[in-house]
Amino acid sequence: MPSFVLYLVRTLFPHDVLRPTELGADVMIVATGVIIVYVLTKQKKWLYLWREWLTTVDHKKIGIMYLIAALAMLFRGGVDALMLRTNLALPNTPVIDALEYNQVFTTHGTIMIFFMAMPFIFALFNVAVPLMIGARDVAFPRLNAMSFWLFAFGALLLNIAFVIGGSPDAGWTAYPPYTGLAFNSGPGENYFFLSLLIAGIGTTMTGINFLVTVLRMRAPGMTLMKMPMFIWSALTTSALIIFAFPPLTVAMAMSLFDRLFGSSFFTLAHGGLAMMYVNLFWLFGHPEVYIVVLPVFGIFSEVVATFSQKALFGYTVMVISIVSIMVLAYGTWVHHFFTMGAGPGVNAFFGLSTMLIAIPTGVKIFNWIFTMWGGRIQMTVAMLYQMAFIPTFVIGGATGILLATVPADYQLHNTYFLIAHFHNVLIGGTLFGLLSGMYYWWPKMFGHKLNERQGKWAFWLFFWGFWITFGPQYLLGLKGMTRRIYTYPAGFGWHTLNVISTVGAFVMGAAFVVLVYSVVYSLQHGEKDLTGDPWNGRTLEWAIPSPAPEYNFARIPVVHERDAWWDMKQKGQTLASMRPEDMRTLELPRNTPIPFLLGFAFFVVGFGMTFEWWYIVALGALGVVATLIYSGFDYDEHKHIAATEVLEIEAGLGRVQG
Amino acid sequence: MNLPVEEPKLNPHVPTEFSDEKESVKITGFWMFLVTDVLIFASLFSSYAVFKNQVAQGPTANQLFTLGPVILETVLLLTSSFTIGLAIYAMRKQNKAALMTWLILTLLLGAGFVTAEVHDFVTFVSAGATWHKSAFLSGFYILVGTHGAHVTFGIIWALTILIQVARRGLTAVTTRKLFTFSLYWHFLDIVWIFIFTFVYLNGKIV
């Protein structure tokens, strides 16, 4: 027995998870866990947690859970980033060694893309899409909860890696042969592939869910060309997810099989072709770039129209351009590896197709500017992010065009110029957009505004922190500094720029602290939203109270014009003045523990497989099959809210006449 | 005050599986799921095409394949696609007994297909053609194996639907489940036609 215990300890806690940073994290994780358990027990909230959150299928609550997870992951990914920048601040003075540096940049990238940006987007989809199209929920509420729990347990699997067993260290792109068993034994890469596979199933289902929601669940009268732009972005993003995630699933599965079951897909021996992985990965990876940026285009289209108090300029052209970006996104993946030598013909094609995307994107930029033109602009935090986004994203796009120029790319490939470029579009585009959306829809989620003054502090710190960090990195790239190096010698002329860049990173860290403080502060002191329409909004989610009641709309609205709520307000109509006889008994999805249990079963499979403990895998797989079969036999999917109860709730909100 | 119930969206003029709006939305969703599955197979087919000549020290496609068992598998699966069609026809006629008979026959044919395929794989592996041997073999096993796993999953899924139909009869929910299963089954049949053509026939020609 002691030898078994010894084996367990050695496998779960090898020397690289016993470094001081990891041990410090262990202490914090255990402490946080103890505090959470204590608070939940003290306040007798376990049942509340289970009933109201863990088993919920309500899109609004799922959205809030996605948001909390995304902010937590932003913290983790951000701490990783600060560790990287600290290491590079001064030449030849690494704080962490090369192995740990590899692990940290790998988790930084993986977490920021898959476990921060994606859930943040799904948070806003979940919160806003059903409300904007006048629906009671998404098309498949139970599937939606499954998606969330698969994401959550996938994220958990990746996040425990660094304290149990060891982190992945082959970069977020996980190219073979770095991930091959011959060069990378430990469990780290198993964690990586399994967590992405599990979360990926969830993401694919989310794509299907929102595509069908937009296509089938819209309120009567809302034709495709009357949909808000955010809905168009949800539609195109969902289509991108549906087309992009299968190649990722295949690439991850093949890599995992190479490691666990001795196949020879990407190995150096037995005729394996590592380049096939790279193609499959970027066949996913490039559409992924648009998966995380199209929703942001949608958010900004709503924000700019609302805070300019004008209809979005050039709606039709906006729709055409977002759809063309969606289509073009599939034709550019080779630009991620021009230097791998596909030949001038192939490279020229992909260089041109990449540049082509600048056209519809440019159209959108101009339309946002023209929307502001002549509008009565309100400088809210959401609007500030929008206004910062335009110049930032234009510069990021322009450096993208430079990288799309094949000869220039041979020079710039894998340098800090590339790092600066994609952070320029991912922070200046995605993160700014998501924060803008968070500020915009926060009242709808929680019933109060976030503090604008503190929000502006956080905004300016983010904005300047971003430029101080990544401005110098363009220059570092031009000076030949390559990515993924853990330290560098003095005398290359990189010193000063790296110091500045590191300072900028800490400014962004400060921005995050202010943001979190502001969120906590606003829970207590935030301005209450009593009207349900704090921004004088244009779309249907502002026609109902904040936070939205469980059933969203007591009666499903009928849409006549684009910007349906604005149109109603112009005509002096409202959804609030209902008579008691208008109330109906409503059918809503019923809470279920199945999604949570399914996610947990997948987690068990993933954890067992990471360490190749097949009994645990079998146990987890049994759980997956049992949950799915149980779900198939469960016909009790719906519950009813009695009309009298709806009447009571609506009357309590002051929305009933007489 | 007697407050009314919000009317469910029912349409009596379409087949049962489409009649309830909530169920018909699930059929749309299932089509979208099939799109993702098409793309899984597209990725596997393209990988196979790339790996095909990477035989390393292992056998080539021409040396490995024998068409006899493959033709048997093809006949079994294509016939099952016909019988699931008859099952759905019976379902539309509200003929529960005929539906269940055709569905059980479909599953037996499917099980025969899986058995023949497993036998085929065991023969290959015992001749030393494991997927470790070469990228070609890895690509072959994952493509054909994923299809076989889909068929196996389909059989288990259909068994659970059969029990539901036996218990509950042909309702909007059960007919929707049967209909989506039939879509899935036809889809696997189409994938097999591509496997038969591009993997086996093409492998024997070159």
# chains A, B, ... in the order shown; residues from 1 in each chain; ligands from 1
call {"tool": "interface_residues", "arguments": {"of": "chain B", "to": "chain A", "cutoff": "9 Å", "atoms": "only C-alpha atoms", "output": "MDAnalysis selection string"}}
result
chainID B and resid 1:8 22 25:26 28:30 32:33 35:44 47 50:51 53:58 130:139 142 157 160:161 164 173
call {"tool": "residues_around", "arguments": {"residues": "Val17 (chain A)", "least_positions_apart": "6", "cutoff": "9 Å", "atoms": "only C-alpha atoms", "output": "list in words"}}
result
Leu23, Ala161, Phe162, Val163, Ile164, Gly165, Gly166 and Ser167 of chain A
call {"tool": "residues_around", "arguments": {"residues": "Tyr89 (chain B)", "least_positions_apart": "6", "cutoff": "10 Å", "atoms": "only C-alpha atoms", "output": "JSON, numbers by chain"}}
result
{"B": [83, 95, 98, 99, 102]}
call {"tool": "residues_around", "arguments": {"residues": "Phe459 (chain A)", "least_positions_apart": "3", "cutoff": "8 Å", "atoms": "only C-alpha atoms", "output": "list in words"}}
result
Val381, Leu384, Tyr385, Gly455, Lys456, Phe462, Phe463 and Ala511 of chain A
call {"tool": "write_last_selection", "arguments": {"atoms": "N, CA and C atoms", "output": "mmCIF file, in the first residue's frame"}}
result
data_model
loop_
_atom_site.group_PDB
_atom_site.id
_atom_site.type_symbol
_atom_site.label_atom_id
_atom_site.label_comp_id
_atom_site.auth_asym_id
_atom_site.auth_seq_id
_atom_site.Cartn_x
_atom_site.Cartn_y
_atom_site.Cartn_z
ATOM 1 N N VAL A 381 -18.933 54.613 -20.296
ATOM 2 C CA VAL A 381 -17.774 53.724 -20.359
ATOM 3 C C VAL A 381 -17.866 52.816 -21.581
ATOM 4 N N LEU A 384 -16.823 54.727 -24.486
ATOM 5 C CA LEU A 384 -15.380 55.012 -24.503
ATOM 6 C C LEU A 384 -14.617 53.826 -25.095
ATOM 7 N N TYR A 385 -15.010 52.612 -24.682
ATOM 8 C CA TYR A 385 -14.344 51.438 -25.250
ATOM 9 C C TYR A 385 -14.538 51.392 -26.757
ATOM 10 N N GLY A 455 -15.324 53.076 -13.687
ATOM 11 C CA GLY A 455 -15.211 52.433 -14.993
ATOM 12 C C GLY A 455 -14.303 53.211 -15.922
ATOM 13 N N LYS A 456 -14.393 54.547 -15.835
ATOM 14 C CA LYS A 456 -13.529 55.371 -16.686
ATOM 15 C C LYS A 456 -12.074 55.250 -16.273
ATOM 16 N N PHE A 462 -6.632 50.600 -18.831
ATOM 17 C CA PHE A 462 -6.552 49.553 -19.849
ATOM 18 C C PHE A 462 -5.985 50.109 -21.144
ATOM 19 N N PHE A 463 -6.534 51.251 -21.553
ATOM 20 C CA PHE A 463 -6.159 51.813 -22.849
ATOM 21 C C PHE A 463 -4.668 52.159 -22.892
ATOM 22 N N ALA A 511 -5.555 48.117 -14.032
ATOM 23 C CA ALA A 511 -6.883 48.329 -14.610
ATOM 24 C C ALA A 511 -7.827 47.217 -14.183
#
call {"tool": "closest_residue", "arguments": {"among": "B:Phe65, B:Phe113, B:Tyr141, B:Phe121", "to": "Leu188 (chain B)", "atoms": "only C-alpha atoms"}}
result
B:Phe113
call {"tool": "closest_residue", "arguments": {"among": "B:Phe45, B:Asp120, B:Arg167, B:His13", "to": "Leu67 (chain B)", "atoms": "only C-alpha atoms"}}
result
B:Asp120
call {"tool": "atom_distance", "arguments": {"atom1": "CA of Tyr488 (chain A)", "atom2": "CA of Pro94 (chain A)"}}
result
8.9 Å
call {"tool": "select_by_dssp", "arguments": {"residues": "region 51-107 of chain B", "states": "alpha helix (DSSP H)", "output": "VMD selection string"}}
result
chain B and resid 51 61 to 64 67 to 92 96 to 107
call {"tool": "write_last_selection", "arguments": {"atoms": "N, CA and C atoms", "output": "tab-separated table (two decimals), in the first residue's frame"}}
result
chain	number	residue	atom	x	y	z
B	51	PHE	N	-2.39	11.40	-45.75
B	51	PHE	CA	-1.57	10.32	-45.17
B	51	PHE	C	-1.45	9.10	-46.08
B	61	ALA	N	-2.24	0.43	-49.25
B	61	ALA	CA	-3.69	0.19	-49.29
B	61	ALA	C	-3.98	-1.04	-50.15
B	62	ASN	N	-3.30	-1.12	-51.27
B	62	ASN	CA	-3.54	-2.22	-52.20
B	62	ASN	C	-3.22	-3.57	-51.57
B	63	GLN	N	-2.12	-3.63	-50.80
B	63	GLN	CA	-1.75	-4.89	-50.15
B	63	GLN	C	-2.71	-5.24	-49.03
B	64	LEU	N	-3.24	-4.22	-48.36
B	64	LEU	CA	-4.02	-4.46	-47.14
B	64	LEU	C	-5.46	-4.90	-47.44
B	67	LEU	N	-11.60	-6.78	-51.03
B	67	LEU	CA	-12.91	-6.15	-51.26
B	67	LEU	C	-14.08	-7.00	-50.80
B	68	GLY	N	-13.90	-8.33	-50.68
B	68	GLY	CA	-15.02	-9.21	-50.31
B	68	GLY	C	-15.78	-8.74	-49.08
B	69	PRO	N	-15.12	-8.69	-47.90
B	69	PRO	CA	-15.83	-8.26	-46.69
B	69	PRO	C	-16.40	-6.85	-46.82
B	70	VAL	N	-15.68	-5.99	-47.56
B	70	VAL	CA	-16.14	-4.60	-47.68
B	70	VAL	C	-17.44	-4.54	-48.47
B	71	ILE	N	-17.54	-5.39	-49.50
B	71	ILE	CA	-18.79	-5.40	-50.27
B	71	ILE	C	-19.93	-5.93	-49.41
B	72	LEU	N	-19.64	-6.95	-48.58
B	72	LEU	CA	-20.66	-7.44	-47.65
B	72	LEU	C	-21.12	-6.31	-46.72
B	73	GLU	N	-20.15	-5.59	-46.13
B	73	GLU	CA	-20.50	-4.47	-45.25
B	73	GLU	C	-21.35	-3.44	-45.98
B	74	THR	N	-20.97	-3.16	-47.24
B	74	THR	CA	-21.71	-2.16	-48.02
B	74	THR	C	-23.15	-2.60	-48.22
B	75	VAL	N	-23.33	-3.85	-48.59
B	75	VAL	CA	-24.69	-4.36	-48.82
B	75	VAL	C	-25.50	-4.27	-47.54
B	76	LEU	N	-24.90	-4.68	-46.41
B	76	LEU	CA	-25.63	-4.63	-45.14
B	76	LEU	C	-26.07	-3.21	-44.82
B	77	LEU	N	-25.15	-2.25	-44.96
B	77	LEU	CA	-25.47	-0.89	-44.54
B	77	LEU	C	-26.46	-0.23	-45.50
B	78	LEU	N	-26.27	-0.46	-46.81
B	78	LEU	CA	-27.20	0.15	-47.77
B	78	LEU	C	-28.60	-0.42	-47.59
B	79	THR	N	-28.69	-1.73	-47.32
B	79	THR	CA	-30.00	-2.32	-47.07
B	79	THR	C	-30.64	-1.70	-45.83
B	80	SER	N	-29.81	-1.46	-44.80
B	80	SER	CA	-30.37	-0.88	-43.57
B	80	SER	C	-30.87	0.53	-43.82
B	81	SER	N	-30.25	1.23	-44.77
B	81	SER	CA	-30.73	2.56	-45.10
B	81	SER	C	-32.12	2.48	-45.75
B	82	PHE	N	-32.32	1.42	-46.54
B	82	PHE	CA	-33.64	1.19	-47.15
B	82	PHE	C	-34.67	0.85	-46.08
B	83	THR	N	-34.29	-0.03	-45.13
B	83	THR	CA	-35.27	-0.45	-44.12
B	83	THR	C	-35.63	0.70	-43.17
B	84	ILE	N	-34.67	1.59	-42.88
B	84	ILE	CA	-35.03	2.72	-42.01
B	84	ILE	C	-36.00	3.63	-42.76
B	85	GLY	N	-35.83	3.71	-44.09
B	85	GLY	CA	-36.80	4.46	-44.90
B	85	GLY	C	-38.19	3.88	-44.76
B	86	LEU	N	-38.27	2.52	-44.83
B	86	LEU	CA	-39.57	1.86	-44.66
B	86	LEU	C	-40.12	2.10	-43.25
B	87	ALA	N	-39.22	2.13	-42.26
B	87	ALA	CA	-39.66	2.37	-40.88
B	87	ALA	C	-40.32	3.74	-40.77
B	88	ILE	N	-39.69	4.75	-41.37
B	88	ILE	CA	-40.26	6.11	-41.29
B	88	ILE	C	-41.58	6.18	-42.06
B	89	TYR	N	-41.63	5.43	-43.17
B	89	TYR	CA	-42.89	5.37	-43.93
B	89	TYR	C	-44.00	4.80	-43.05
B	90	ALA	N	-43.68	3.73	-42.32
B	90	ALA	CA	-44.67	3.13	-41.42
B	90	ALA	C	-45.04	4.10	-40.31
B	91	MET	N	-44.04	4.85	-39.84
B	91	MET	CA	-44.30	5.84	-38.78
B	91	MET	C	-45.29	6.90	-39.26
B	92	ARG	N	-45.09	7.35	-40.50
B	92	ARG	CA	-46.01	8.36	-41.06
B	92	ARG	C	-47.42	7.80	-41.20
B	96	LYS	N	-47.47	1.43	-35.77
B	96	LYS	CA	-46.41	1.24	-34.78
B	96	LYS	C	-45.72	-0.11	-34.92
B	97	ALA	N	-46.50	-1.17	-35.15
B	97	ALA	CA	-45.93	-2.52	-35.24
B	97	ALA	C	-44.95	-2.61	-36.41
B	98	ALA	N	-45.39	-2.11	-37.59
B	98	ALA	CA	-44.52	-2.16	-38.77
B	98	ALA	C	-43.27	-1.33	-38.54
B	99	LEU	N	-43.46	-0.16	-37.94
B	99	LEU	CA	-42.33	0.71	-37.64
B	99	LEU	C	-41.30	-0.04	-36.81
B	100	MET	N	-41.76	-0.67	-35.74
B	100	MET	CA	-40.81	-1.33	-34.83
B	100	MET	C	-40.13	-2.50	-35.51
B	101	THR	N	-40.87	-3.22	-36.34
B	101	THR	CA	-40.27	-4.34	-37.07
B	101	THR	C	-39.15	-3.85	-37.98
B	102	TRP	N	-39.45	-2.82	-38.78
B	102	TRP	CA	-38.44	-2.31	-39.71
B	102	TRP	C	-37.25	-1.73	-38.96
B	103	LEU	N	-37.52	-1.09	-37.84
B	103	LEU	CA	-36.42	-0.48	-37.09
B	103	LEU	C	-35.51	-1.57	-36.50
B	104	ILE	N	-36.14	-2.62	-35.96
B	104	ILE	CA	-35.32	-3.71	-35.40
B	104	ILE	C	-34.49	-4.35	-36.51
B	105	LEU	N	-35.10	-4.55	-37.68
B	105	LEU	CA	-34.36	-5.11	-38.81
B	105	LEU	C	-33.17	-4.21	-39.17
B	106	THR	N	-33.42	-2.89	-39.17
B	106	THR	CA	-32.36	-1.93	-39.46
B	106	THR	C	-31.19	-2.10	-38.49
B	107	LEU	N	-31.55	-2.24	-37.21
B	107	LEU	CA	-30.50	-2.34	-36.20
B	107	LEU	C	-29.73	-3.66	-36.34
call {"tool": "residues_around", "arguments": {"residues": "Ser19 (chain B)", "least_positions_apart": "2", "cutoff": "12 Å", "atoms": "only C-alpha atoms", "output": "NGL selection string"}}
result
:B and (8-17 or 21-27 or 171-173 or 175-176)
call {"tool": "write_last_selection", "arguments": {"atoms": "N, CA and C atoms", "output": "PDB file, in the first residue's frame"}}
result
ATOM      1  N   PRO B   8     -49.920  26.464 -27.263  1.00  0.00           N
ATOM      2  CA  PRO B   8     -48.742  25.878 -27.881  1.00  0.00           C
ATOM      3  C   PRO B   8     -48.851  25.997 -29.393  1.00  0.00           C
ATOM      4  N   LYS B   9     -47.699  26.140 -30.072  1.00  0.00           N
ATOM      5  CA  LYS B   9     -47.736  26.304 -31.521  1.00  0.00           C
ATOM      6  C   LYS B   9     -47.838  24.928 -32.170  1.00  0.00           C
ATOM      7  N   LEU B  10     -49.050  24.545 -32.544  1.00  0.00           N
ATOM      8  CA  LEU B  10     -49.264  23.235 -33.154  1.00  0.00           C
ATOM      9  C   LEU B  10     -49.722  23.420 -34.586  1.00  0.00           C
ATOM     10  N   ASN B  11     -49.276  22.526 -35.453  1.00  0.00           N
ATOM     11  CA  ASN B  11     -49.668  22.594 -36.847  1.00  0.00           C
ATOM     12  C   ASN B  11     -50.099  21.196 -37.284  1.00  0.00           C
ATOM     13  N   PRO B  12     -51.405  20.984 -37.455  1.00  0.00           N
ATOM     14  CA  PRO B  12     -51.876  19.634 -37.791  1.00  0.00           C
ATOM     15  C   PRO B  12     -51.637  19.262 -39.251  1.00  0.00           C
ATOM     16  N   HIS B  13     -51.172  20.209 -40.074  1.00  0.00           N
ATOM     17  CA  HIS B  13     -51.081  19.940 -41.513  1.00  0.00           C
ATOM     18  C   HIS B  13     -49.739  19.366 -41.937  1.00  0.00           C
ATOM     19  N   VAL B  14     -48.864  19.081 -40.984  1.00  0.00           N
ATOM     20  CA  VAL B  14     -47.553  18.510 -41.337  1.00  0.00           C
ATOM     21  C   VAL B  14     -47.430  17.171 -40.622  1.00  0.00           C
ATOM     22  N   PRO B  15     -46.439  16.335 -41.015  1.00  0.00           N
ATOM     23  CA  PRO B  15     -46.242  15.058 -40.306  1.00  0.00           C
ATOM     24  C   PRO B  15     -46.064  15.278 -38.797  1.00  0.00           C
ATOM     25  N   THR B  16     -46.388  14.251 -38.011  1.00  0.00           N
ATOM     26  CA  THR B  16     -46.397  14.374 -36.543  1.00  0.00           C
ATOM     27  C   THR B  16     -45.109  14.955 -35.994  1.00  0.00           C
ATOM     28  N   GLU B  17     -43.958  14.527 -36.557  1.00  0.00           N
ATOM     29  CA  GLU B  17     -42.691  14.958 -35.977  1.00  0.00           C
ATOM     30  C   GLU B  17     -42.459  16.458 -36.113  1.00  0.00           C
ATOM     31  N   GLU B  21     -44.131  22.846 -32.569  1.00  0.00           N
ATOM     32  CA  GLU B  21     -43.037  23.785 -32.860  1.00  0.00           C
ATOM     33  C   GLU B  21     -41.770  23.445 -32.083  1.00  0.00           C
ATOM     34  N   LYS B  22     -41.948  23.120 -30.769  1.00  0.00           N
ATOM     35  CA  LYS B  22     -40.786  22.841 -29.912  1.00  0.00           C
ATOM     36  C   LYS B  22     -39.991  21.646 -30.425  1.00  0.00           C
ATOM     37  N   GLU B  23     -40.709  20.641 -30.948  1.00  0.00           N
ATOM     38  CA  GLU B  23     -40.031  19.447 -31.443  1.00  0.00           C
ATOM     39  C   GLU B  23     -39.421  19.707 -32.813  1.00  0.00           C
ATOM     40  N   SER B  24     -40.108  20.473 -33.636  1.00  0.00           N
ATOM     41  CA  SER B  24     -39.595  20.708 -34.988  1.00  0.00           C
ATOM     42  C   SER B  24     -38.328  21.554 -34.946  1.00  0.00           C
ATOM     43  N   VAL B  25     -38.205  22.408 -33.921  1.00  0.00           N
ATOM     44  CA  VAL B  25     -36.961  23.171 -33.761  1.00  0.00           C
ATOM     45  C   VAL B  25     -35.792  22.214 -33.531  1.00  0.00           C
ATOM     46  N   LYS B  26     -36.077  21.119 -32.819  1.00  0.00           N
ATOM     47  CA  LYS B  26     -35.007  20.159 -32.551  1.00  0.00           C
ATOM     48  C   LYS B  26     -34.539  19.473 -33.828  1.00  0.00           C
ATOM     49  N   ILE B  27     -35.449  19.337 -34.794  1.00  0.00           N
ATOM     50  CA  ILE B  27     -35.029  18.747 -36.075  1.00  0.00           C
ATOM     51  C   ILE B  27     -34.066  19.693 -36.788  1.00  0.00           C
ATOM     52  N   THR B 171     -45.910   9.684 -30.505  1.00  0.00           N
ATOM     53  CA  THR B 171     -46.264  11.052 -30.149  1.00  0.00           C
ATOM     54  C   THR B 171     -45.389  12.018 -30.929  1.00  0.00           C
ATOM     55  N   ALA B 172     -45.631  13.311 -30.737  1.00  0.00           N
ATOM     56  CA  ALA B 172     -44.802  14.319 -31.402  1.00  0.00           C
ATOM     57  C   ALA B 172     -43.343  14.138 -30.996  1.00  0.00           C
ATOM     58  N   VAL B 173     -43.109  13.763 -29.729  1.00  0.00           N
ATOM     59  CA  VAL B 173     -41.731  13.623 -29.249  1.00  0.00           C
ATOM     60  C   VAL B 173     -41.077  12.371 -29.806  1.00  0.00           C
ATOM     61  N   THR B 175     -41.880  10.534 -32.412  1.00  0.00           N
ATOM     62  CA  THR B 175     -41.696  10.567 -33.870  1.00  0.00           C
ATOM     63  C   THR B 175     -40.545  11.495 -34.249  1.00  0.00           C
ATOM     64  N   ARG B 176     -40.407  12.584 -33.509  1.00  0.00           N
ATOM     65  CA  ARG B 176     -39.264  13.468 -33.772  1.00  0.00           C
ATOM     66  C   ARG B 176     -37.949  12.719 -33.538  1.00  0.00           C
TER      67      ARG B 176
END
call {"tool": "decode", "arguments": {"residues": "region 57-78 of chain A", "atoms": "C-alpha atoms", "output": "short mmCIF file (atom, residue, chain, number, x, y, z; two decimals), in the first residue's frame"}}
result
data_model
loop_
_atom_site.label_atom_id
_atom_site.label_comp_id
_atom_site.auth_asym_id
_atom_site.auth_seq_id
_atom_site.Cartn_x
_atom_site.Cartn_y
_atom_site.Cartn_z
CA VAL A 57 -31.32 26.08 -17.57
CA ASP A 58 -32.24 29.78 -17.61
CA HIS A 59 -30.15 31.52 -20.28
CA LYS A 60 -29.73 34.63 -18.12
CA LYS A 61 -28.25 32.70 -15.21
CA ILE A 62 -26.06 30.62 -17.51
CA GLY A 63 -24.84 33.89 -19.00
CA ILE A 64 -23.93 35.19 -15.56
CA MET A 65 -22.04 31.97 -14.75
CA TYR A 66 -20.13 32.29 -18.04
CA LEU A 67 -19.30 35.88 -17.11
CA ILE A 68 -17.98 34.96 -13.66
CA ALA A 69 -15.88 32.16 -15.17
CA ALA A 70 -14.54 34.50 -17.87
CA LEU A 71 -13.50 37.15 -15.34
CA ALA A 72 -11.82 34.52 -13.16
CA MET A 73 -9.96 33.24 -16.21
CA LEU A 74 -9.02 36.80 -17.17
CA PHE A 75 -7.38 36.99 -13.76
CA ARG A 76 -5.51 33.71 -14.21
CA GLY A 77 -4.40 34.56 -17.76
CA GLY A 78 -3.47 38.06 -16.63
#
